[in-house]
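Student: One file is attached below, coords-v2.cif, containing mmCIF, C-alpha atoms.
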data_input
loop_
_atom_site.label_atom_id
_atom_site.label_comp_id
_atom_site.auth_asym_id
_atom_site.auth_seq_id
_atom_site.Cartn_x
_atom_site.Cartn_y
_atom_site.Cartn_z
CA MET A 237 0.00 0.00 0.00
CA SER A 238 2.94 2.29 -0.66
CA LEU A 239 3.33 4.85 -3.37
CA PRO A 240 5.46 3.95 -6.38
CA ASP A 241 9.18 3.90 -5.65
CA GLY A 242 10.61 7.37 -5.43
CA GLU A 243 7.43 9.33 -4.68
CA ASP A 244 7.77 8.96 -0.91
CA ASP A 245 11.49 9.70 -1.12
CA ALA A 246 10.80 12.91 -3.02
CA LEU A 247 8.18 13.93 -0.47
CA VAL A 248 10.56 13.28 2.42
CA ASP A 249 13.31 15.28 0.71
CA ARG A 250 10.95 18.22 0.21
CA ILE A 251 9.86 18.13 3.86
CA LEU A 252 13.46 17.98 5.03
CA ALA A 253 14.18 21.00 2.82
CA GLY A 254 11.49 22.90 4.74
CA ASP A 255 8.64 22.60 2.25
CA GLN A 256 5.52 23.12 4.38
CA ALA A 257 3.19 22.21 1.53
CA ALA A 258 4.87 18.80 1.33
CA LEU A 259 4.45 18.30 5.07
CA ARG A 260 0.78 19.24 4.82
CA ALA A 261 0.36 16.84 1.90
CA LEU A 262 1.84 14.02 3.96
CA ILE A 263 -0.47 14.75 6.89
CA GLU A 264 -3.51 14.98 4.61
CA ARG A 265 -2.60 11.73 2.93
CA GLU A 266 -1.78 9.65 6.01
CA HIS A 267 -3.55 11.09 9.04
CA ALA A 268 -6.87 9.28 8.66
CA THR A 269 -5.12 5.97 8.03
CA LEU A 270 -2.83 6.37 11.03
CA LEU A 271 -5.81 7.31 13.17
CA ARG A 272 -7.77 4.21 12.18
CA PHE A 273 -4.68 2.18 12.84
CA ALA A 274 -4.17 3.72 16.29
CA ARG A 275 -7.83 3.16 17.08
CA ALA A 276 -7.41 -0.50 16.21
CA ILE A 277 -4.81 -0.70 18.97
CA THR A 278 -6.32 1.59 21.58
CA ARG A 279 -10.06 1.06 20.91
CA GLU A 280 -10.67 4.56 22.26
CA SER A 281 -10.83 7.54 19.93
CA ASP A 282 -9.33 9.97 22.45
CA LEU A 283 -6.35 7.72 23.10
CA ALA A 284 -5.92 7.15 19.36
CA GLU A 285 -5.97 10.91 18.68
CA GLU A 286 -3.34 11.41 21.35
CA ALA A 287 -1.18 8.59 19.98
CA VAL A 288 -1.30 9.95 16.43
CA GLN A 289 -0.63 13.51 17.50
CA ASP A 290 2.42 12.35 19.49
CA ALA A 291 3.44 10.21 16.55
CA TRP A 292 3.36 13.15 14.12
CA VAL A 293 5.78 15.02 16.35
CA ARG A 294 8.10 12.00 16.40
CA ILE A 295 7.72 11.44 12.67
CA TYR A 296 8.59 15.07 11.93
CA ARG A 297 11.53 15.08 14.31
CA GLY A 298 12.81 11.72 13.13
CA LEU A 299 12.32 12.16 9.39
CA ALA A 300 16.01 12.96 8.84
CA ARG A 301 16.82 9.58 10.38
CA PHE A 302 14.35 7.67 8.16
CA GLU A 303 16.66 5.23 6.38
CA LYS A 304 14.21 4.02 3.71
CA ARG A 305 14.76 0.38 4.63
CA SER A 306 10.98 0.05 4.83
CA SER A 307 8.27 2.12 3.17
CA LEU A 308 7.53 5.52 4.66
CA ARG A 309 4.05 4.36 5.66
CA THR A 310 5.38 1.28 7.45
CA TRP A 311 7.94 3.40 9.28
CA MET A 312 5.25 5.88 10.34
CA ALA A 313 2.89 3.09 11.32
CA ARG A 314 5.53 1.61 13.58
CA ILE A 315 5.86 4.94 15.36
CA VAL A 316 2.08 5.11 15.77
CA VAL A 317 2.00 1.52 17.06
CA ASN A 318 4.67 2.30 19.64
CA ARG A 319 2.89 5.42 20.81
CA ALA A 320 -0.46 3.65 20.94
CA LYS A 321 1.07 0.72 22.84
CA THR A 322 2.71 3.09 25.31
CA LEU A 323 -0.57 4.85 25.98
CA VAL A 324 -2.46 1.59 26.35
CA VAL A 325 0.24 0.14 28.61
CA ARG A 326 0.03 3.28 30.68
CA ALA A 327 -3.69 2.60 30.95
CA ALA A 328 -2.73 -0.99 31.98
CA ARG A 329 -4.63 -2.68 29.17
CA TRP A 330 -1.93 -3.98 26.84
CA ALA A 331 -1.24 -7.65 26.05
CA PRO A 332 1.61 -8.46 23.63
CA LEU A 333 0.29 -9.36 20.16
CA ASP A 334 2.51 -12.43 19.77
CA LYS A 335 1.22 -13.69 23.09
CA GLU A 336 -2.35 -13.18 21.86
CA ALA A 337 -1.59 -15.26 18.75
CA GLU A 338 0.02 -18.04 20.77
CA THR A 339 -2.96 -18.35 23.10
CA HIS A 340 -5.28 -21.16 22.04
CA GLU A 341 -8.58 -20.10 20.51
CA ASP A 342 -11.18 -22.25 18.80
CA VAL A 343 -11.99 -20.45 15.58
CA ILE A 344 -14.92 -22.77 14.94
CA ASP A 345 -17.09 -23.94 17.84
CA PRO A 346 -15.62 -27.39 18.74
CA SER A 347 -19.14 -28.77 19.12
CA CYS A 348 -19.50 -28.46 15.34
CA PHE A 349 -17.12 -31.41 14.93
CA GLY A 350 -17.55 -35.05 15.90
CA LYS A 351 -15.03 -37.16 17.80
CA LEU A 352 -12.93 -37.73 14.68
CA GLY A 353 -12.88 -34.04 13.84
CA PHE A 354 -15.34 -34.07 10.93
CA TRP A 355 -18.33 -31.74 10.60
CA ILE A 356 -21.53 -32.89 12.28
CA SER A 357 -24.09 -32.68 9.48
CA ASP A 358 -26.44 -30.15 11.11
CA ARG A 359 -23.58 -28.00 12.43
CA GLN A 360 -21.93 -27.33 9.09
CA PRO A 361 -21.60 -23.73 7.82
CA ALA A 362 -25.03 -22.54 6.72
CA GLN A 363 -25.61 -21.97 3.05
CA TRP A 364 -25.38 -18.24 2.27
CA HIS A 365 -27.58 -16.77 -0.36
CA THR A 366 -24.97 -15.85 -2.90
CA ASP A 367 -24.46 -12.18 -3.36
CA THR A 368 -21.68 -9.70 -3.96
CA PRO A 369 -19.83 -7.90 -1.14
CA GLU A 370 -21.25 -4.64 -2.50
CA ARG A 371 -24.84 -5.85 -2.15
CA LEU A 372 -24.19 -7.31 1.28
CA LEU A 373 -22.91 -3.95 2.44
CA ASP A 374 -25.95 -2.17 1.02
CA ARG A 375 -27.83 -3.62 3.98
CA GLN A 376 -27.40 -1.39 6.99
CA GLN A 377 -27.94 -4.17 9.53
CA ILE A 378 -25.22 -6.30 7.99
CA ARG A 379 -22.79 -3.40 7.84
CA ALA A 380 -23.54 -2.55 11.47
CA ALA A 381 -23.05 -6.16 12.56
CA ILE A 382 -19.66 -6.32 10.86
CA GLU A 383 -18.52 -2.99 12.30
CA ALA A 384 -19.65 -4.03 15.78
CA ARG A 385 -17.78 -7.32 15.54
CA ILE A 386 -14.58 -5.58 14.41
CA GLU A 387 -14.84 -3.28 17.44
CA GLU A 388 -15.12 -6.31 19.73
CA LEU A 389 -12.09 -8.14 18.36
CA PRO A 390 -9.07 -8.55 20.64
CA ALA A 391 -6.40 -5.93 19.97
CA GLY A 392 -4.08 -8.08 17.84
CA GLN A 393 -6.86 -9.45 15.64
CA ARG A 394 -8.34 -5.98 15.21
CA ALA A 395 -4.98 -4.46 14.31
CA VAL A 396 -4.12 -7.15 11.75
CA LEU A 397 -7.60 -7.17 10.21
CA THR A 398 -7.66 -3.38 9.99
CA LEU A 399 -4.34 -3.21 8.22
CA ARG A 400 -4.71 -6.23 5.96
CA ASP A 401 -8.34 -6.04 4.89
CA LEU A 402 -9.55 -2.51 5.54
CA GLU A 403 -6.33 -0.72 4.61
CA GLY A 404 -5.03 -3.23 2.08
CA TRP A 405 -1.52 -3.63 3.49
CA SER A 406 0.67 -6.59 2.59
CA SER A 407 1.45 -9.22 5.20
CA GLU A 408 5.09 -8.08 5.22
CA GLU A 409 4.09 -4.49 5.96
CA VAL A 410 1.79 -5.61 8.78
CA CYS A 411 4.47 -7.81 10.35
CA ASN A 412 6.98 -4.97 10.21
CA ALA A 413 4.59 -2.41 11.64
CA LEU A 414 3.29 -4.62 14.44
CA GLU A 415 6.60 -6.43 15.00
CA ILE A 416 5.01 -9.87 14.89
CA SER A 417 6.03 -13.02 13.02
CA GLU A 418 4.45 -14.03 9.69
CA SER A 419 2.89 -17.12 11.26
CA ASN A 420 1.34 -15.15 14.14
CA GLN A 421 0.07 -12.58 11.68
CA ARG A 422 -1.73 -15.35 9.78
CA VAL A 423 -3.16 -16.80 13.00
CA LEU A 424 -4.56 -13.41 14.03
CA LEU A 425 -5.93 -12.75 10.54
CA HIS A 426 -7.62 -16.15 10.41
CA ARG A 427 -9.25 -15.72 13.79
CA ALA A 428 -10.40 -12.20 12.99
CA ARG A 429 -11.91 -13.10 9.61
CA ALA A 430 -13.58 -16.17 11.14
CA ARG A 431 -15.19 -14.03 13.82
CA VAL A 432 -16.42 -11.52 11.25
CA ARG A 433 -17.71 -14.40 9.09
CA ALA A 434 -19.68 -15.69 12.06
CA ALA A 435 -21.17 -12.22 12.59
CA LEU A 436 -22.06 -12.05 8.91
CA GLU A 437 -23.68 -15.48 9.06
CA LYS A 438 -25.72 -14.49 12.09
CA ALA A 439 -26.81 -11.23 10.47
CA LEU A 440 -27.79 -13.05 7.28
CA GLY A 441 -29.80 -15.54 9.29
CA GLU A 442 -31.62 -12.78 11.12
CA GLU A 443 -32.32 -10.83 7.96
CA GLY A 444 -33.53 -13.77 5.95
CA PRO A 445 -32.79 -14.61 2.33
CA PHE A 446 -32.07 -12.07 -0.36
CA GLU A 447 -34.82 -11.07 -2.63
CA MET B 150 0.16 -39.32 11.00
CA SER B 151 -3.27 -39.50 9.35
CA ILE B 152 -3.56 -39.64 5.60
CA LEU B 153 -5.74 -36.57 5.28
CA PRO B 154 -6.53 -33.76 7.72
CA CYS B 155 -9.95 -33.91 9.38
CA CYS B 156 -12.36 -30.96 8.94
CA ARG B 157 -11.28 -29.39 12.23
CA ASP B 158 -7.65 -29.37 11.11
CA ALA B 159 -8.47 -28.36 7.54
CA THR B 160 -10.53 -25.35 8.64
CA ALA B 161 -7.56 -24.16 10.70
CA LEU B 162 -5.45 -24.13 7.52
CA LEU B 163 -7.80 -22.09 5.31
CA THR B 164 -6.03 -18.78 5.82
CA GLU B 165 -2.60 -20.45 5.76
CA ASP B 166 -3.50 -21.74 2.30
CA ALA B 167 -5.02 -18.45 1.14
CA GLU B 168 -1.81 -16.70 2.19
CA GLY B 169 0.34 -19.18 0.28
CA ALA B 170 1.93 -20.51 3.46
CA LEU B 171 1.23 -24.18 2.83
CA ASP B 172 3.64 -26.26 0.81
CA GLY B 173 4.71 -29.80 0.11
CA VAL B 174 2.77 -32.68 1.59
CA ALA B 175 0.64 -30.45 3.83
CA LYS B 176 -0.60 -28.50 0.79
CA VAL B 177 -1.46 -31.65 -1.12
CA LYS B 178 -3.30 -33.22 1.83
CA PHE B 179 -5.23 -30.00 2.39
CA ALA B 180 -6.13 -29.74 -1.30
CA VAL B 181 -7.38 -33.31 -1.40
CA HIS B 182 -9.51 -32.79 1.71
CA LEU B 183 -11.01 -29.62 0.20
CA SER B 184 -11.76 -31.40 -3.05
CA ILE B 185 -14.00 -33.94 -1.32
CA CYS B 186 -15.51 -31.87 1.54
CA SER B 187 -18.34 -29.55 0.56
CA ALA B 188 -18.70 -28.07 4.07
CA CYS B 189 -15.04 -27.01 4.16
CA GLN B 190 -15.38 -25.66 0.61
CA ARG B 191 -18.35 -23.61 1.78
CA LEU B 192 -16.42 -22.23 4.73
CA ARG B 193 -13.50 -21.31 2.46
CA SER B 194 -15.85 -19.53 0.10
CA GLN B 195 -17.46 -17.65 3.01
CA LEU B 196 -14.07 -16.56 4.37
CA ARG B 197 -13.19 -15.25 0.91
CA THR B 198 -16.49 -13.36 0.76
CA THR B 199 -15.82 -12.00 4.25
CA ALA B 200 -12.41 -10.71 3.21
CA ALA B 201 -13.96 -9.11 0.11
CA VAL B 202 -16.67 -7.49 2.24
CA LEU B 203 -14.01 -6.14 4.60
CA ARG B 204 -12.02 -4.69 1.71
CA GLU B 205 -15.16 -2.95 0.47
CA LEU B 206 -16.17 -1.68 3.92
CA PRO B 207 -13.97 1.48 4.04
CA ARG B 208 -15.72 2.79 0.92
CA ARG B 209 -19.01 2.62 2.81
CA ALA B 210 -17.71 4.06 6.05
CA ARG B 211 -19.21 7.28 7.26
CA GLU B 212 -15.81 8.35 8.52
CA PRO B 213 -14.01 10.61 6.04
CA ARG B 214 -10.85 9.23 4.45
CA ALA B 215 -9.15 12.64 4.56
CA PRO B 216 -8.75 14.67 7.75
CA ASP B 217 -10.58 17.89 8.44
CA PRO B 218 -8.48 20.91 7.27
CA ALA B 219 -8.70 22.35 10.80
CA GLN B 220 -7.20 19.13 12.14
CA VAL B 221 -4.33 19.39 9.66
CA ASP B 222 -3.80 23.03 10.67
CA ALA B 223 -3.62 22.00 14.34
CA ILE B 224 -0.98 19.34 13.60
CA MET B 225 1.01 21.76 11.44
CA LYS B 226 0.94 24.27 14.28
CA LEU B 227 2.09 21.60 16.72
CA LEU B 228 5.00 20.68 14.46
CA GLU B 229 5.99 24.28 13.92
CA ALA B 230 6.22 24.94 17.66
CA PRO B 231 9.68 24.85 19.25
CA PRO B 232 10.51 21.42 20.75
CA ASP B 233 10.10 22.52 24.38
CA GLU B 234 6.56 23.75 23.66
CA ARG B 235 5.65 20.40 22.07
CA ASP B 236 6.65 18.29 25.07
#
Output the structure of this file as structure tokens.
Tutor:
Amino acid sequence: MSLPDGEDDALVDRILAGDQAALRALIEREHATLLRFARAITRESDLAEEAVQDAWVRIYRGLARFEKRSSLRTWMARIVVNRAKTLVVRAARWAPLDKEAETHEDVIDPSCFGKLGFWISDRQPAQWHTDTPERLLDRQQIRAAIEARIEELPAGQRAVLTLRDLEGWSSEEVCNALEISESNQRVLLHRARARVRAALEKALGEEGPFE
Amino acid sequence: MSILPCCRDATALLTEDAEGALDGVAKVKFAVHLSICSACQRLRSQLRTTAAVLRELPRRAREPRAPDPAQVDAIMKLLEAPPDERD
């Protein structure tokens, strides 16, 4: 989810040369994304605002030290993550993301499987009435159910899902920003998508079939 | 070691497979299980739909994708302040 090679470098060079318009362009381009990202970690809007504001100061101060080993966005995201973590730790609510991934969680209700681990016939995934994501999201109740479930996800799942699916980041970018392993990133993504799928299934069941 | 994964094990590998993280014998066993299990196929399809829905979600969000100009002004002002005033 980075700009083509060179565009970020040029923007950084302009900012370092004192170009205020370039700095404003960077803030306009990235602020909303960084805020959503911080909110995925903190859950609370006020804490997220504070984290991103602190992060902008650190980004601006540290820009001369940006070594371009990762994309600008990944580098900025890491600063936001660290600020958000610090604020959440200060509020005594932080659990390490790798630890979250390594904790056992049944993605599918174990009662759906028999002793040998195969689906019990009446506990299999319900048939969805085929439709496009666009049409599913046209339905306010379904959209609300998905948004509510995302809000309820544990911090690591929410952070990975937000970056991978909502923001379109690559797995490598997410691992770098969150400082988690590839395998733990996949575990958190799988759990998060499975929980949202379950919410979608429930909402579809409550709404009835498509017309 | 069993010949093929059971449904419980196969469902745990759906994202691993989607992310290209399965290889060798594990990938083959998973593929064979999927080819004969309609319930696991359905779950895979639903997870794909879920991911597609999530990718589409930001376009429907009420939250603006660009910050308010006043918010940008406030950050610019914060960055322009001398370091001791920022801390």
Student: Per residue of chain A within 9 Å of chain B, record the nearest atom pair and its distance in Å to one decimal, counting only C-alpha atoms, with rows in chain order and ascending residue number, as a Markdown table.
Tutor:
| residue | atom | partner | partner_atom | distance |
| --- | --- | --- | --- | --- |
| A:Gln256 | CA | B:Met225 | CA | 8.5 |
| A:Leu259 | CA | B:Met225 | CA | 8.0 |
| A:Arg260 | CA | B:Val221 | CA | 7.0 |
| A:Ile263 | CA | B:Val221 | CA | 6.6 |
| A:Glu264 | CA | B:Ala215 | CA | 6.1 |
| A:Arg265 | CA | B:Ala215 | CA | 6.8 |
| A:Glu266 | CA | B:Ala215 | CA | 8.1 |
| A:His267 | CA | B:Pro216 | CA | 6.4 |
| A:Ala268 | CA | B:Ala215 | CA | 5.8 |
| A:Thr269 | CA | B:Arg214 | CA | 7.5 |
| A:Gln289 | CA | B:Ile224 | CA | 7.0 |
| A:Trp292 | CA | B:Ile224 | CA | 7.6 |
| A:Val293 | CA | B:Leu228 | CA | 6.0 |
| A:Tyr296 | CA | B:Leu228 | CA | 7.1 |
| A:Arg297 | CA | B:Leu228 | CA | 8.6 |
| A:Val343 | CA | B:Ala161 | CA | 7.6 |
| A:Ile344 | CA | B:Arg157 | CA | 8.0 |
| A:Pro346 | CA | B:Arg157 | CA | 8.1 |
| A:Cys348 | CA | B:Arg157 | CA | 8.8 |
| A:Phe349 | CA | B:Arg157 | CA | 6.7 |
| A:Leu352 | CA | B:Cys155 | CA | 7.2 |
| A:Gly353 | CA | B:Arg157 | CA | 5.2 |
| A:Phe354 | CA | B:Cys156 | CA | 4.7 |
| A:Trp355 | CA | B:Cys156 | CA | 6.2 |
| A:Ser357 | CA | B:Ala188 | CA | 8.9 |
| A:Gln360 | CA | B:Ala188 | CA | 6.0 |
| A:Pro361 | CA | B:Leu192 | CA | 6.2 |
| A:Ala362 | CA | B:Arg191 | CA | 8.4 |
| A:Gln363 | CA | B:Arg191 | CA | 7.6 |
| A:Trp364 | CA | B:Gln195 | CA | 8.0 |
| A:Thr368 | CA | B:Thr198 | CA | 7.9 |
| A:Pro369 | CA | B:Val202 | CA | 4.6 |
| A:Glu370 | CA | B:Glu205 | CA | 7.0 |
| A:Leu372 | CA | B:Val202 | CA | 7.6 |
| A:Leu373 | CA | B:Val202 | CA | 7.2 |
| A:Asp374 | CA | B:Arg209 | CA | 8.6 |
| A:Arg379 | CA | B:Leu206 | CA | 7.9 |
| A:Ile382 | CA | B:Leu203 | CA | 8.4 |
| A:Glu383 | CA | B:Leu206 | CA | 8.8 |
| A:Leu397 | CA | B:Leu203 | CA | 8.6 |
| A:Thr398 | CA | B:Leu203 | CA | 8.8 |
| A:Arg400 | CA | B:Arg204 | CA | 8.6 |
| A:Asp401 | CA | B:Arg204 | CA | 5.0 |
| A:Leu402 | CA | B:Arg204 | CA | 5.1 |
| A:Glu403 | CA | B:Arg204 | CA | 7.5 |
| A:Gly404 | CA | B:Arg204 | CA | 7.2 |
| A:Ser407 | CA | B:Glu168 | CA | 8.7 |
| A:Ser419 | CA | B:Glu165 | CA | 8.5 |
| A:Arg422 | CA | B:Glu165 | CA | 6.6 |
| A:Val423 | CA | B:Thr164 | CA | 8.0 |
| A:Leu425 | CA | B:Thr164 | CA | 7.7 |
| A:His426 | CA | B:Thr164 | CA | 5.5 |
| A:Arg429 | CA | B:Leu196 | CA | 6.6 |
| A:Ala430 | CA | B:Leu196 | CA | 6.8 |
| A:Val432 | CA | B:Thr199 | CA | 7.0 |
| A:Arg433 | CA | B:Thr199 | CA | 5.7 |
| A:Leu436 | CA | B:Thr199 | CA | 7.8 |
| A:Glu437 | CA | B:Gln195 | CA | 8.9 |
Student: Rounded to one decimal, what separation in Å do you get between CA of Pro390 in chain A and CA of Asp342 in chain A?
Tutor: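 The value is 14.0 Å.
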Student: What does the distance from CA of Leu424 in chain A to CA of Asn412 in chain A come to in Å, to one decimal?
Tutor: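 It comes out at 14.8 Å.
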Student: Mind telling me what the PyMOL selection byres ((chain A and resi 276-288) around 10) catches here, as a VMD selection string?
Tutor: (chain A and resid 267 to 268 270 to 275 289 to 295 312 to 313 315 to 325 327 329 to 330 386 to 399) or (chain B and resid 224)
Student: Take CA of Ala337 in chain A and CA of Ser417 in chain A and report the distance between them in Å, one decimal.
Tutor: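 These atoms are spaced 9.8 Å apart.
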Student: Under the PyMOL selection byres ((chain A and resi 299-304) around 9), which residues of this model are included? Write them out as number ranges by chain.
Tutor: A: 245, 248-249, 251-252, 294-298, 305-308, 311
